[in-house]
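Novice: Quick one: structure below, then a few questions.
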Amino acid sequence: MSTQIPIIKPDRKVEKTSLIGKHVLRLDGESKVTGAVAYTDDFPFEGYYAEVIRSNIPHGEIVSISTEAAEAIPGVIAVVTGEDLENADWISPYVGPAFRDQPVLAIGKVRYVGEPVAAVVAERPDIAALASTEVIVECKKLRSVTDVVRARKKNAPLLHESGDSAAIFEDLAMVHHSEEPNVAYAYELNVGDLESGFEEADVVLEKNYATPMVQHTHLEPFVTTASYNATQNSFRIVTGNQTPHFVRREVARIFGIPSSKVEVEVPQMGGAFGSKTYVRIEPLVAALSRAVEAPVKLRQTSSESFDTSVRDGTQTRVKTGVTQAGDIVAQEVEVIWDSGAYADISPRKVKKAGYTAPGAYDIPNVRVISKSTYTNKPPGVAYRGFGVAQTAWAVESHIDDVAREIGMDPVELRIRNVTQDGGTYNGVTIGTHGAPQCLQSVVDEVDWFGAELEQPSKSHIKKGRGMAVTLKTTITPSTSEAIVLLDADGSVNVITGGTEIGQGIITTLAQITADGLGIGIEYVNVNTPNTNSAPFNTSTTSSRSTFHLGNAILRAIDELKDQLVEFASEDLNIEKSGITVEDGFVKTSAGDYSIGDVVASHFVGGGGTLIGKGYFSTKAGGENRYESAFWMTGATYAEVSVDIRTGKYSIDKWVNSADCGKAIDPVRCEGQILGAAVQALGHTMSEEMVFESGQQVNKSLLDYKVPAIGDVPKESKIIVVESGDPNGPHGAKGVGESNTVTVPPAIGNAIRDACGARVRELPITPSKVLQAIVEGSE
Amino acid sequence: MNNYIESTLHEIEFKINGEEVSMVIPANLTLSELLRQEMRLTGTTEGCGVGVCGCCTVLINNKVVASCLELAVNIDEKEVLTIEGLADTYQHGEFHPLQTSFREYEGFQCGYCTPGMLIASKALLDQNPDPSDDDVREFLSENICRCTGYDSIIMAVKSAAKEMKA
C-alpha cells in the first residue's frame, strides 16, 4: 500500500499564514455584489400562492368565517381556516417553543390585530390577494388589554386559560403560567439580603423606565415555500429561518410524522436579527400545502412582518442603594414585559434578561422580578440583545442618576462597581467576560477623566456626554454539531445547521476550517443548512455561532487528523507517533503527503471522502444559577448637542467597544459592532410601534423610521476588544449584540449631561427632551 | 406570461443591461415584478414594497428609480440598468470597481440592500466622480441598510471613486 501514496505535486500552493485574525474577503461576497445570491423568494417555484387574512380587532370570539365568495373566484384552490385545521385529523395546530399557546390559524378566538385567521391558496399571488378581500370574518368583540398594567389587574380579560411547558428546552422545562392574570411566566432572582442592603445604603433611588414594542425590520420579509409529498407523507420546506432544526422538529410534531420526513432548507437570509427564530409562517405554509396536497408559497409584505414578530415592550422599576463612597450595595429591578398575545420565547427572555437586569455590576444584594405578560398585541420574540437592551435602558440610565445623587462621576461609579473579569456576579463566580476592558478602552479612547467638553458659543446649544456598559449571557445549554468532509483532492465541505443571516458565518467558519487543516480558504466550502444532511444546531441566535460551531468544527478537524494519521500509519507501515498533520500535509518519516492524496490513496474506486464530525454542547447550572457558555460585553460613549429651545439633538461622536474574545476577522467584528450600534440608534431616536385601540398605526417603513445613512454619527470609533475566551475557538466568542444594548442609555445619559433632561421612555424624541427640559426633569 | 387580473396588455420595447427586449405585459405589472418574475432577474430585491427602502433601486435612463413603484409599461423605449448589468458598464466587465470595493470593505452583510445600494452608488459616481462623505450620505439617503451601520458603505463608495479616477 505504502508506495501507492503519490508524492505531492510540487506546484501545489499551501497557505502557510494563519487565517485567524486576518481580514479575508467574504466567500458569499461575489454573489452578493452581483445579485447572483438566492434568497428564498428567488428560487424558481411551481405551485400555489397563499395570502393571509388577518384579524382587524384586538380580541374577539370568532362567530363565523364565510369563504364562499372567495372560493368562487376562478383560480382559487382553497380557503383554509383555523376551524378546518382543528377538525383535520392530520394536524395538531398549536405551536410554540416555551408554551404551545399559538394556533397556526386563529381557533375560536382572535387575540391581536394582525393575527392570521384564514388563508387563501390560489394559482397566482394576485388572485390570492384579491380573494383574501372576499373572506368575511365575523367576530364578537371581547374586552381587550393592550398594556401590561391593566392586563395584570384582577378582572382583566384573560388571553389564555392555561399553559404548560412545551418541554422542548431543558432551561424551559419548569415554565408555567403565573397565578397573576395574563402573566405567562414570572421569574424571580434573590441574591443576598435586599432589605439590609438598602439599610446599609446612604442613598436609595427609585425610578421607572419604559421601552416600546419595536420591529426588527429585516429587509427581506417572511418568505416560505412548503411542498407536501402525499406518497411519502413528508414535507420539503424552504424558508428564511434561524432555527432550521427547530422548524423540522415542530413541523414533524404537529403533523405527527418523524422529523426525518421534514426537510428544511435555509438559503441566505436578507437579515433576521432574531425575528426569524423558532417557527413563524412555516407551520401555516406546511399546513396549506398539506391541505391542498401541492407546493405552496407565502411571501408576506414587510408590513406583515409587524404582524408576525416584534420586540417586547417593557416597563421597568429600578431601585438602587448606594453608599456615599460609591458602592452599590442593593438593587431591585422589576421588569414587566409586554409580550403580546403569544409567549413564543419570552419565558427564556424573562429569565435570561432578568438574570442580567442588574447590569454589569457586582452587587451583593439583588432582587429581580421579571414577568412576561400577555396583551392583545403582536407576539414578542427574540431580538438582538434578547431583552437586555430593554433592561439595560433602565439600569444604565438609572446608574447615571444614582451617581449624581452621591455627587460622583457616573463613569467612576461604573468602574468602581463593574464586575471584575472572572469575578463574581449575582453572588456567583463567573468566567472571564471582558466588561472592565470594554469600559476602560472607551474611557481611554475619549480621555473621559481628562477631557472636558467645550460648550458651543450659541447659548441654546448644550453639549453633553454619556457612557453605558453591558454584560449579557448567551443561550445555554445548547448544542452545535459539524461535519467536515475531506475530499480526495484535498478540498473540504463543511456541513452545519448554522444559517447565514448576514453576519458572515460562512466565511468565519471557512477561516477556522482552512486554518485548522492548514489549507487555503479557496479549498473550503461552507454550506447553508439543509436538515436532511446538516447535523443538529440549536439556533443561529445569541451570537453563538462562531463559538459553538467553531468549536464543533475544531473537533471535527481533530477527528479528521486522527484518521489521516491512522491511514498514513497503516498505508506506510509507520508508527502513528511519528506522524503529524499540519499545513495541509501528513508529515511522516517517509516524506510529506498532502491530506487529499492520503485520502485518495487509502480509498479505492476513483475517490474517497474522509468524514470528520464534531459535537459541542454547553450545559447550564440550576434555575437561578446561570453559567453562560460565554459572556458578551461592550461599552458605548456618546457625545450629543441638544438644542434646548426645541429638544432636537444630534450625536456628534460615538465610540463603541465590544469584546469578541479574539477577532477571527477584525473587519467582520467591526461590522457587527457598528451594525448593532446603528440598529440601536433607531431604537433610541425614532423606532416605536404606535398603537391606537390595539391597532398599530405605523405598520410600514413609510411611518416606522429606521436609521438612514445620514442619521449615523459622523465621528465614530470602533474598538475591538480581545480578552481571549478560554473556551472559544482561538479565544473567540460572539460580538453581535453588545452595542444594541449600550447605545440607547449612552445617548440618554449624554442628553441628561448636556441639559439636565432625563428621558425615561424610549424613543428619545425631541418633544420628550423638550418636555423634560420644561418640567425641570428629575 | 402571467395574465394579471383585469388589466390591458401592452407591447413595450426597451433596453435592459445593454440588451434590446420586446415584451407584451399587463398594464398593472410593476417594474420589479417584470424583472423578478417575468425576466428572472432576481438580483433586484424587493423590501418594503412602498418605495422607501431602496432595495429595488434600478436606473431608468440613468435615473434612480424604485422599481416596486414604477409601472413596467413606463420603461417603453427606455434603457434600464439592474445589478446584473453593472459590471458590463465598466471597462472589461468583470467587476465594477464598486463591486470590488464593497467586498473589500464589507459594505454589505446580508446583501439584500446591496444591489440597490450599488446601483444608486453608480448613479452617484456618474454624476459626481469625486464625492465627499456628505455627498455619499446625501445621495444614498433613500437606501436603507439594516446590517452594516453604513460607514463601510461610505468607505467603499469613496474607494471605488478613487479607483475609477486612477
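By order of appearance in the C-alpha cells: chains A, B, ..., then residues from 1 within every chain, and ligands from 1 in the order shown.
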Distance limit 6 Å, atoms considered: only C-alpha atoms. Which chain A residues sit that close to chain B? Return them as a list in words.

Specialist: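 Taking only C-alpha atoms into account, Gly29, Lys32, Val33, Gly35, Ala36, Asp42, Leu219, Glu220, Gly270, Gly271, Ser302, Ile501, Gly502, Gly671, Leu674, Gly675, Val678, Ala708, Ile709 and Gly710 of chain A sit within 6 Å of chain B.
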
Novice: Take the residues just selected and output them with C-alpha atoms as an mmCIF file, in the first residue's frame.

Specialist:
```cif
data_model
loop_
_atom_site.group_PDB
_atom_site.id
_atom_site.type_symbol
_atom_site.label_atom_id
_atom_site.label_comp_id
_atom_site.auth_asym_id
_atom_site.auth_seq_id
_atom_site.Cartn_x
_atom_site.Cartn_y
_atom_site.Cartn_z
ATOM 1 C CA GLY A 29 -19.328 38.427 -1.357
ATOM 2 C CA LYS A 32 -23.968 39.429 -3.147
ATOM 3 C CA VAL A 33 -22.390 42.222 -5.184
ATOM 4 C CA GLY A 35 -27.055 39.886 -7.440
ATOM 5 C CA ALA A 36 -26.470 36.174 -8.029
ATOM 6 C CA ASP A 42 -35.534 33.916 -5.719
ATOM 7 C CA LEU A 219 -35.426 43.977 4.705
ATOM 8 C CA GLU A 220 -36.230 40.520 3.394
ATOM 9 C CA GLY A 270 -31.908 39.113 3.972
ATOM 10 C CA GLY A 271 -31.479 39.952 7.636
ATOM 11 C CA SER A 302 -42.803 43.981 5.014
ATOM 12 C CA ILE A 501 -28.204 35.880 8.199
ATOM 13 C CA GLY A 502 -25.658 38.411 7.036
ATOM 14 C CA GLY A 671 -19.223 45.357 11.092
ATOM 15 C CA LEU A 674 -21.329 49.180 14.240
ATOM 16 C CA GLY A 675 -24.311 47.335 12.813
ATOM 17 C CA VAL A 678 -26.828 51.713 14.425
ATOM 18 C CA ALA A 708 -30.733 56.002 7.198
ATOM 19 C CA ILE A 709 -27.149 56.730 6.197
ATOM 20 C CA GLY A 710 -27.380 60.384 7.231
#
```

Novice: Quick one: residues within 9 Å of region 412-427 of chain A, only C-alpha atoms, excluding same-chain residues fewer than 2 positions away - as JSON, numbers by chain?

Specialist: {"A": [189, 190, 191, 192, 326, 327, 328, 355, 356, 358, 359, 360, 361, 362, 363, 364, 365, 366, 399, 400, 402, 403, 408, 409, 410, 429, 430, 431, 432, 433, 434, 435, 436, 437, 439, 440, 449, 468, 469, 625]}

Novice: Need the shell around Ser650 (chain A): protein/DNA/RNA residues with any atom at most 9 Å away, counting only C-alpha atoms. Skip same-chain ones fewer than 3 positions apart. Format as a list in words?

Specialist: Glu639, Val640, Ser641, Val642, Asp643, Asp711 and Pro713 of chain A

Novice: Between CA of His10 (chain B) and CA of Leu71 (chain B), what distance in Å does the model show, to one decimal?

Specialist: 11.7 Å

Novice: Could you give me, as an NGL selection string, each residue of region 168-259 of chain A that DSSP assigns to helix (DSSP H, G or I) when run on this structure's backbone?

Specialist: :A and (170-172 or 194-200 or 244-255 or 259)

Novice: So that I have them on file, write out the residues from the current selection with C-alpha atoms, as a PDB file, in the first residue's frame.

Specialist:
```pdb
ATOM      1  CA  GLU A 170     -34.145  21.947  29.379  1.00  0.00           C
ATOM      2  CA  ASP A 171     -33.989  25.537  30.635  1.00  0.00           C
ATOM      3  CA  LEU A 172     -37.716  25.990  29.986  1.00  0.00           C
ATOM      4  CA  LEU A 194     -32.072  43.082  49.858  1.00  0.00           C
ATOM      5  CA  GLU A 195     -33.571  44.878  52.870  1.00  0.00           C
ATOM      6  CA  SER A 196     -30.378  45.025  54.884  1.00  0.00           C
ATOM      7  CA  GLY A 197     -28.619  46.097  51.711  1.00  0.00           C
ATOM      8  CA  PHE A 198     -30.904  49.088  51.388  1.00  0.00           C
ATOM      9  CA  GLU A 199     -30.409  49.843  55.104  1.00  0.00           C
ATOM     10  CA  GLU A 200     -26.675  49.878  54.564  1.00  0.00           C
ATOM     11  CA  PRO A 244     -33.997  25.088  10.878  1.00  0.00           C
ATOM     12  CA  HIS A 245     -33.787  22.158  13.282  1.00  0.00           C
ATOM     13  CA  PHE A 246     -36.498  23.636  15.478  1.00  0.00           C
ATOM     14  CA  VAL A 247     -38.690  24.108  12.395  1.00  0.00           C
ATOM     15  CA  ARG A 248     -38.112  20.485  11.491  1.00  0.00           C
ATOM     16  CA  ARG A 249     -38.964  19.275  14.966  1.00  0.00           C
ATOM     17  CA  GLU A 250     -42.066  21.437  15.333  1.00  0.00           C
ATOM     18  CA  VAL A 251     -43.463  20.691  11.856  1.00  0.00           C
ATOM     19  CA  ALA A 252     -42.860  16.969  12.387  1.00  0.00           C
ATOM     20  CA  ARG A 253     -44.624  17.126  15.740  1.00  0.00           C
ATOM     21  CA  ILE A 254     -47.747  18.968  14.587  1.00  0.00           C
ATOM     22  CA  PHE A 255     -48.214  16.540  11.698  1.00  0.00           C
ATOM     23  CA  SER A 259     -38.536  14.528  11.845  1.00  0.00           C
TER      24      SER A 259
END
```

Novice: At a cut-off of 12 Å, using only C-alpha atoms, what residues contact Glu20 (chain B)? Leave out same-chain residues fewer than 2 positions from it and give the result as a list in words.

Specialist: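 In the requested form, the answer reads Ile12, Glu13, Phe14, Lys15, Ile16, Asn17, Gly18, Ser22, Met23, Ile75, Asp76, Glu77, Lys78, Glu79, Val80 and Leu81 of chain B.
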
Novice: I'd like the neighbourhood of Val73 (chain B) as a PDB file with C-alpha atoms, in the first residue's frame, where a residue qualifies if any of its atoms comes within 9 Å (using only C-alpha atoms), though same-chain residues fewer than 6 positions away should be ignored.

Specialist:
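The result, written out as out-v4.pdb:
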```
ATOM      1  CA  HIS B  10     -49.275  46.476 -23.819  1.00  0.00           C
ATOM      2  CA  GLU B  11     -46.328  45.832 -26.011  1.00  0.00           C
ATOM      3  CA  ILE B  12     -43.160  47.527 -24.837  1.00  0.00           C
ATOM      4  CA  ILE B  25     -47.124  42.946 -20.482  1.00  0.00           C
ATOM      5  CA  PRO B  26     -50.197  43.802 -18.448  1.00  0.00           C
ATOM      6  CA  ALA B  27     -50.611  47.467 -17.562  1.00  0.00           C
ATOM      7  CA  ASN B  28     -50.575  46.869 -13.811  1.00  0.00           C
ATOM      8  CA  LEU B  29     -47.296  44.977 -13.756  1.00  0.00           C
ATOM      9  CA  THR B  30     -44.652  46.773 -11.709  1.00  0.00           C
ATOM     10  CA  LEU B  31     -41.099  47.006 -12.924  1.00  0.00           C
TER      11      LEU B  31
END
```

Novice: Please provide as a list in words all residues within 7 Å of region 106-113 of chain A, with the sequence filter that same-chain residues fewer than 6 positions apart are discarded (counting only C-alpha atoms).

Specialist: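 Within the cut-off, the hits are Ser55, Asn56, Ile57, Pro58, His59, Gly60, Glu61, Ile62, Gly82, Glu83, Leu159, Ala341, Asn376, Lys377, Pro378, Gly694 and Gln695 of chain A.
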
Novice: Find the spatial neighbours of Thr740 (chain A), counting only C-alpha atoms, within a cut-off of 6 Å - ignore same-chain residues fewer than 6 positions away - and output them as a PDB file with N, CA and C atoms, in the first residue's frame.

Specialist:
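Writing done, so here's part.pdb:
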```
ATOM      1  N   ALA A 676     -24.763  46.668  15.094  1.00  0.00           N
ATOM      2  CA  ALA A 676     -25.576  46.582  16.315  1.00  0.00           C
ATOM      3  C   ALA A 676     -25.858  47.974  16.861  1.00  0.00           C
ATOM      4  N   ALA A 677     -24.842  48.827  16.820  1.00  0.00           N
ATOM      5  CA  ALA A 677     -24.979  50.179  17.361  1.00  0.00           C
ATOM      6  C   ALA A 677     -25.991  50.999  16.562  1.00  0.00           C
ATOM      7  N   ALA A 680     -29.490  50.074  17.216  1.00  0.00           N
ATOM      8  CA  ALA A 680     -29.925  50.649  18.487  1.00  0.00           C
ATOM      9  C   ALA A 680     -30.097  52.161  18.399  1.00  0.00           C
TER      10      ALA A 680
END
```
